[in-house]
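This report refers to the structure that appears directly beneath it.
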Amino acid sequence: MALLENCSWKRAGEIFRDKRIALIPVGATEQHGPHLPLGTDSFTAKALAEAAAAKTEAICTPVIPIGVSAHHKQFWGTLWVSPETFRHYVYETAVSLGSHGVRRIIFVNGHGGNLASLQEISRTLRLEKLNSLIFQWWTNPSSIELQRKLFKSKGSHAGATETSMVLAIRPELVENGRYDEAAKGAAAEFGISKFGTQLSVDTLDFSQSGASLDPREATPEAGKQLFQAAEETLVNLVRWFEKATDDELDPKPHKE
């Protein structure tokens with residue numbers, strides 16, 4: 001497995017000569033209810049990126065651990081940067097990979113709050129012939145279908161789905177004695193909408209525990225299924241991205 005942080009510069013040179021695709025796990029340090037660790041999004045992104053790198057020819061970078069999380073700011077321990085700072089940092093990280101010959105990057109994103117910024121970054125990189133994709137484990141079709149089968153509760157933040165994932169990869173960090181507290185103060189959904197319009201609010205405006213829906217359905221077995229489904233999808237994405245032609249990926253010229 002090509003984990004960049006574990007390599008000397010000599011070894012890195014050998015790897016970059018052979019490989020042209022990289023995975024960048026992107027997470028957050030933010031509240032995930034009273035029962036999950038602040039590093040939940042970083043742990044899941046890192047674990048999936050490393051698992052996919054082990055099965056493909058991709059390089060895996062260290063995880064980016066702090067993201068766009070100001071909406072969780074009232075909960076202790078949450079850290080965040082502005083979208084502008086995040087975009088500059090992640091973009092420049094990608095460009096530095098490009099300087100070593102990487103031409104294709106997959107952002108393995110563990111935090112939904114990062115998505116809009118990552119989409120902007122990807123559009124900018126494409127104009128510079130450095131193509132990138134964004135993978136989110138909880139939004140790909142196989143994961144969505146599996147969540148429907150596994151749980152009655154569909155909470156998207158610190159609910160049964162996310163809690164199960166952490167039980168699968170870092171079970172020692174899950175405080176299952178706080179499940180009732182999480183469920184009691186949880187929101188019925190993540191966010192507030194009026195007449196189909198999502199309001200700009202903080203998490204504390206709709207959830208007293210920081211969770212959405214009920215984590216009590218979570219199990220390690222469900223987490224393993226979710227992880228395997230996400231890993232398989234990410235591996236398939238890497239393999240397709242490796243084989244895709246530049247004509248498929250690069251911006252098209254002006255239409256005649």
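In the structure tokens, chains take letters A, B, ... by order of appearance, with residues numbered from 1 within each chain and ligands from 1 in the order shown.
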**OP:** Excluding Gly177 in chain A and residues on its chain fewer than 4 positions from it, collect all residues at most 10 Å away from it, counting only C-alpha atoms, and give them as a ChimeraX atom specification.
**Re:** /A:34-35,181-182
**OP:** Find the spatial neighbours of range 105-116 of chain A, counting only C-alpha atoms, within a cut-off of 9 Å - ignore same-chain residues fewer than 2 positions away - and output them as number ranges by chain.
**Re:** A: 20-28, 40-46, 48-49, 67-69, 71, 83, 86, 94, 97, 102-103, 118-121, 130-138, 234, 237-238, 241
Expected file: the selected residues, C-alpha atoms, as a compact mmCIF listing (two decimals), in the first residue's frame:
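Now in selection36.txt:
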```txt
# COMPACT_ATOMS: atom_id res chain seq x y z
CA ARG A 20 -0.49 8.78 -11.44
CA ILE A 21 -3.59 8.65 -9.23
CA ALA A 22 -3.93 9.70 -5.59
CA LEU A 23 -6.55 9.55 -2.85
CA ILE A 24 -6.86 12.48 -0.44
CA PRO A 25 -9.00 11.65 2.61
CA VAL A 26 -10.78 14.78 3.84
CA GLY A 27 -12.51 14.85 7.22
CA ALA A 28 -13.46 17.13 10.10
CA THR A 40 -15.50 10.55 13.25
CA ASP A 41 -15.44 12.06 9.76
CA SER A 42 -11.65 11.92 9.55
CA PHE A 43 -11.51 8.33 10.80
CA THR A 44 -14.03 7.10 8.22
CA ALA A 45 -12.44 8.98 5.32
CA LYS A 46 -8.95 7.78 6.25
CA LEU A 48 -11.80 3.99 3.41
CA ALA A 49 -9.03 5.73 1.47
CA GLY A 67 -12.97 21.13 7.58
CA VAL A 68 -15.94 23.44 7.12
CA SER A 69 -17.70 22.86 10.46
CA HIS A 71 -22.31 25.17 12.11
CA PRO A 83 -14.70 27.73 3.26
CA PHE A 86 -10.39 25.18 3.23
CA ALA A 94 -3.77 18.83 -4.82
CA LEU A 97 0.61 16.30 -5.81
CA VAL A 102 -0.17 12.93 -10.29
CA ARG A 103 -2.86 13.84 -12.82
CA LEU A 118 -14.63 20.37 -2.82
CA GLN A 119 -16.88 20.79 -5.86
CA GLU A 120 -15.42 24.25 -6.50
CA ILE A 121 -11.90 22.89 -6.10
CA LEU A 130 -5.63 17.92 -13.02
CA ASN A 131 -8.82 15.91 -12.90
CA SER A 132 -10.48 15.06 -9.60
CA LEU A 133 -13.54 13.30 -8.23
CA ILE A 134 -15.34 13.43 -4.88
CA PHE A 135 -16.40 10.22 -3.13
CA GLN A 136 -18.75 10.24 -0.13
CA TRP A 137 -19.49 6.88 1.47
CA TRP A 138 -22.98 7.68 2.75
CA LEU A 234 -14.48 3.32 -4.06
CA LEU A 237 -14.21 4.14 -8.91
CA VAL A 238 -10.41 4.17 -8.63
CA PHE A 241 -10.55 6.56 -13.08
```
From a backbone DSSP assignment, name each residue in range 100-218 of chain A labelled strand (DSSP E), as a PDB file with C-alpha atoms, in the first residue's frame.
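Output below, filename states.pdb:
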```pdb
ATOM      1  CA  ARG A 104      -5.928  12.308 -11.169  1.00  0.00           C
ATOM      2  CA  ILE A 105      -7.151  12.763  -7.606  1.00  0.00           C
ATOM      3  CA  ILE A 106     -10.074  11.361  -5.648  1.00  0.00           C
ATOM      4  CA  PHE A 107     -11.149  13.317  -2.594  1.00  0.00           C
ATOM      5  CA  VAL A 108     -12.509  10.758  -0.125  1.00  0.00           C
ATOM      6  CA  ASN A 109     -14.780  13.069   1.830  1.00  0.00           C
ATOM      7  CA  ASN A 131      -8.819  15.907 -12.900  1.00  0.00           C
ATOM      8  CA  SER A 132     -10.482  15.056  -9.605  1.00  0.00           C
ATOM      9  CA  LEU A 133     -13.545  13.295  -8.232  1.00  0.00           C
ATOM     10  CA  ILE A 134     -15.343  13.431  -4.878  1.00  0.00           C
ATOM     11  CA  PHE A 135     -16.398  10.219  -3.134  1.00  0.00           C
ATOM     12  CA  GLN A 136     -18.750  10.242  -0.129  1.00  0.00           C
ATOM     13  CA  SER A 193     -36.442  23.601   5.965  1.00  0.00           C
ATOM     14  CA  LYS A 194     -39.431  25.828   5.245  1.00  0.00           C
ATOM     15  CA  THR A 197     -36.014  25.911   1.409  1.00  0.00           C
ATOM     16  CA  GLN A 198     -33.123  24.942   3.691  1.00  0.00           C
TER      17      GLN A 198
END
```
Original post:
Got a sec to tell me which of range 17-230 of chain A DSSP assigns to helix (DSSP H, G or I), as JSON, numbers by chain?
Top reply: {"A": [17, 18, 40, 41, 42, 43, 44, 45, 46, 47, 48, 49, 50, 51, 52, 53, 54, 55, 70, 71, 72, 83, 84, 85, 86, 87, 88, 89, 90, 91, 92, 93, 94, 95, 96, 97, 98, 112, 113, 114, 115, 116, 117, 118, 119, 120, 121, 122, 123, 124, 125, 126, 127, 141, 142, 143, 144, 145, 146, 147, 148, 149, 150, 160, 161, 162, 163, 164, 165, 166, 167, 168, 169, 171, 172, 173, 176, 177, 178, 179, 180, 181, 182, 183, 184, 203, 204, 205, 215, 216, 217, 220, 221, 222, 223, 224, 225, 226, 227, 228, 229, 230]}
Please produce a file of the residues just selected, as a short mmCIF file (atom, residue, chain, number, x, y, z; two decimals), in the first residue's frame, where the atoms kept are C-alpha atoms.
```cif
data_model
loop_
_atom_site.label_atom_id
_atom_site.label_comp_id
_atom_site.auth_asym_id
_atom_site.auth_seq_id
_atom_site.Cartn_x
_atom_site.Cartn_y
_atom_site.Cartn_z
CA ARG A 17 7.19 7.28 -11.15
CA ASP A 18 4.82 4.31 -11.23
CA THR A 40 -15.50 10.55 13.25
CA ASP A 41 -15.44 12.06 9.76
CA SER A 42 -11.65 11.92 9.55
CA PHE A 43 -11.51 8.33 10.80
CA THR A 44 -14.03 7.10 8.22
CA ALA A 45 -12.44 8.98 5.32
CA LYS A 46 -8.95 7.78 6.25
CA ALA A 47 -10.00 4.15 6.74
CA LEU A 48 -11.80 3.99 3.41
CA ALA A 49 -9.03 5.73 1.47
CA GLU A 50 -6.37 3.45 2.92
CA ALA A 51 -8.47 0.33 2.27
CA ALA A 52 -9.00 1.34 -1.36
CA ALA A 53 -5.31 2.19 -1.81
CA ALA A 54 -4.40 -1.27 -0.54
CA LYS A 55 -6.43 -2.86 -3.35
CA ALA A 70 -18.66 26.25 11.91
CA HIS A 71 -22.31 25.17 12.11
CA HIS A 72 -21.30 22.86 15.00
CA PRO A 83 -14.70 27.73 3.26
CA GLU A 84 -12.14 30.07 1.68
CA THR A 85 -9.28 28.76 3.82
CA PHE A 86 -10.39 25.18 3.23
CA ARG A 87 -10.52 25.69 -0.54
CA HIS A 88 -7.07 27.25 -0.67
CA TYR A 89 -5.52 24.56 1.52
CA VAL A 90 -7.03 21.57 -0.26
CA TYR A 91 -6.49 23.05 -3.70
CA GLU A 92 -2.82 23.72 -2.97
CA THR A 93 -2.42 20.22 -1.55
CA ALA A 94 -3.77 18.83 -4.82
CA VAL A 95 -1.48 21.08 -6.87
CA SER A 96 1.53 19.87 -4.87
CA LEU A 97 0.61 16.30 -5.81
CA GLY A 98 0.40 17.43 -9.41
CA GLY A 112 -20.93 16.80 4.15
CA GLY A 113 -20.04 20.37 5.08
CA ASN A 114 -16.93 20.10 2.89
CA LEU A 115 -18.80 19.15 -0.26
CA ALA A 116 -19.56 22.56 -1.78
CA SER A 117 -15.93 23.64 -1.38
CA LEU A 118 -14.63 20.37 -2.82
CA GLN A 119 -16.88 20.79 -5.86
CA GLU A 120 -15.42 24.25 -6.50
CA ILE A 121 -11.90 22.89 -6.10
CA SER A 122 -12.59 20.07 -8.56
CA ARG A 123 -13.91 22.45 -11.19
CA THR A 124 -10.82 24.65 -10.86
CA LEU A 125 -8.42 21.71 -11.00
CA ARG A 126 -10.08 20.36 -14.15
CA LEU A 127 -9.33 23.60 -15.98
CA PRO A 141 -26.41 4.34 -4.24
CA SER A 142 -25.17 1.05 -2.78
CA SER A 143 -24.75 2.62 0.66
CA ILE A 144 -28.17 4.30 0.52
CA GLU A 145 -29.87 1.03 -0.36
CA LEU A 146 -28.02 -0.79 2.40
CA GLN A 147 -29.00 1.85 4.95
CA ARG A 148 -32.65 1.32 4.02
CA LYS A 149 -32.31 -2.39 4.66
CA LEU A 150 -30.39 -2.11 7.91
CA ALA A 160 -27.45 4.64 13.42
CA THR A 161 -25.58 4.71 10.11
CA GLU A 162 -22.61 6.80 11.19
CA THR A 163 -22.46 5.18 14.62
CA SER A 164 -22.30 1.75 13.01
CA MET A 165 -19.41 2.84 10.81
CA VAL A 166 -17.41 3.99 13.83
CA LEU A 167 -18.26 0.75 15.65
CA ALA A 168 -16.69 -1.08 12.70
CA ILE A 169 -13.44 0.91 12.51
CA PRO A 171 -15.18 0.69 18.43
CA GLU A 172 -13.11 1.71 21.46
CA LEU A 173 -14.11 5.35 20.88
CA ASN A 176 -22.67 3.38 23.91
CA GLY A 177 -23.76 4.34 27.41
CA ARG A 178 -24.70 7.73 25.95
CA TYR A 179 -27.00 6.41 23.20
CA ASP A 180 -30.15 7.32 25.15
CA GLU A 181 -28.87 10.85 25.72
CA ALA A 182 -28.10 11.19 22.03
CA ALA A 183 -31.53 9.92 20.97
CA LYS A 184 -33.45 12.02 23.48
CA THR A 203 -26.85 22.40 14.54
CA LEU A 204 -27.89 23.59 17.99
CA ASP A 205 -30.93 25.28 16.44
CA PRO A 215 -28.09 5.76 17.15
CA ARG A 216 -29.49 2.88 19.23
CA GLU A 217 -29.97 0.65 16.16
CA PRO A 220 -20.66 -3.39 14.52
CA GLU A 221 -22.04 -5.91 12.02
CA ALA A 222 -24.04 -3.21 10.23
CA GLY A 223 -20.96 -1.02 10.20
CA LYS A 224 -18.89 -3.74 8.58
CA GLN A 225 -21.49 -4.14 5.84
CA LEU A 226 -21.57 -0.38 5.25
CA PHE A 227 -17.79 -0.19 5.17
CA GLN A 228 -17.44 -3.10 2.74
CA ALA A 229 -20.06 -1.65 0.41
CA ALA A 230 -18.36 1.76 0.42
#
```
Original post:
Quick one: residues within 9 Å of range 9-15 of chain A, only C-alpha atoms counted, chain neighbours fewer than 3 positions away excluded, as a VMD selection string?
Top reply: chain A and resid 2 4 18 to 19 59 100
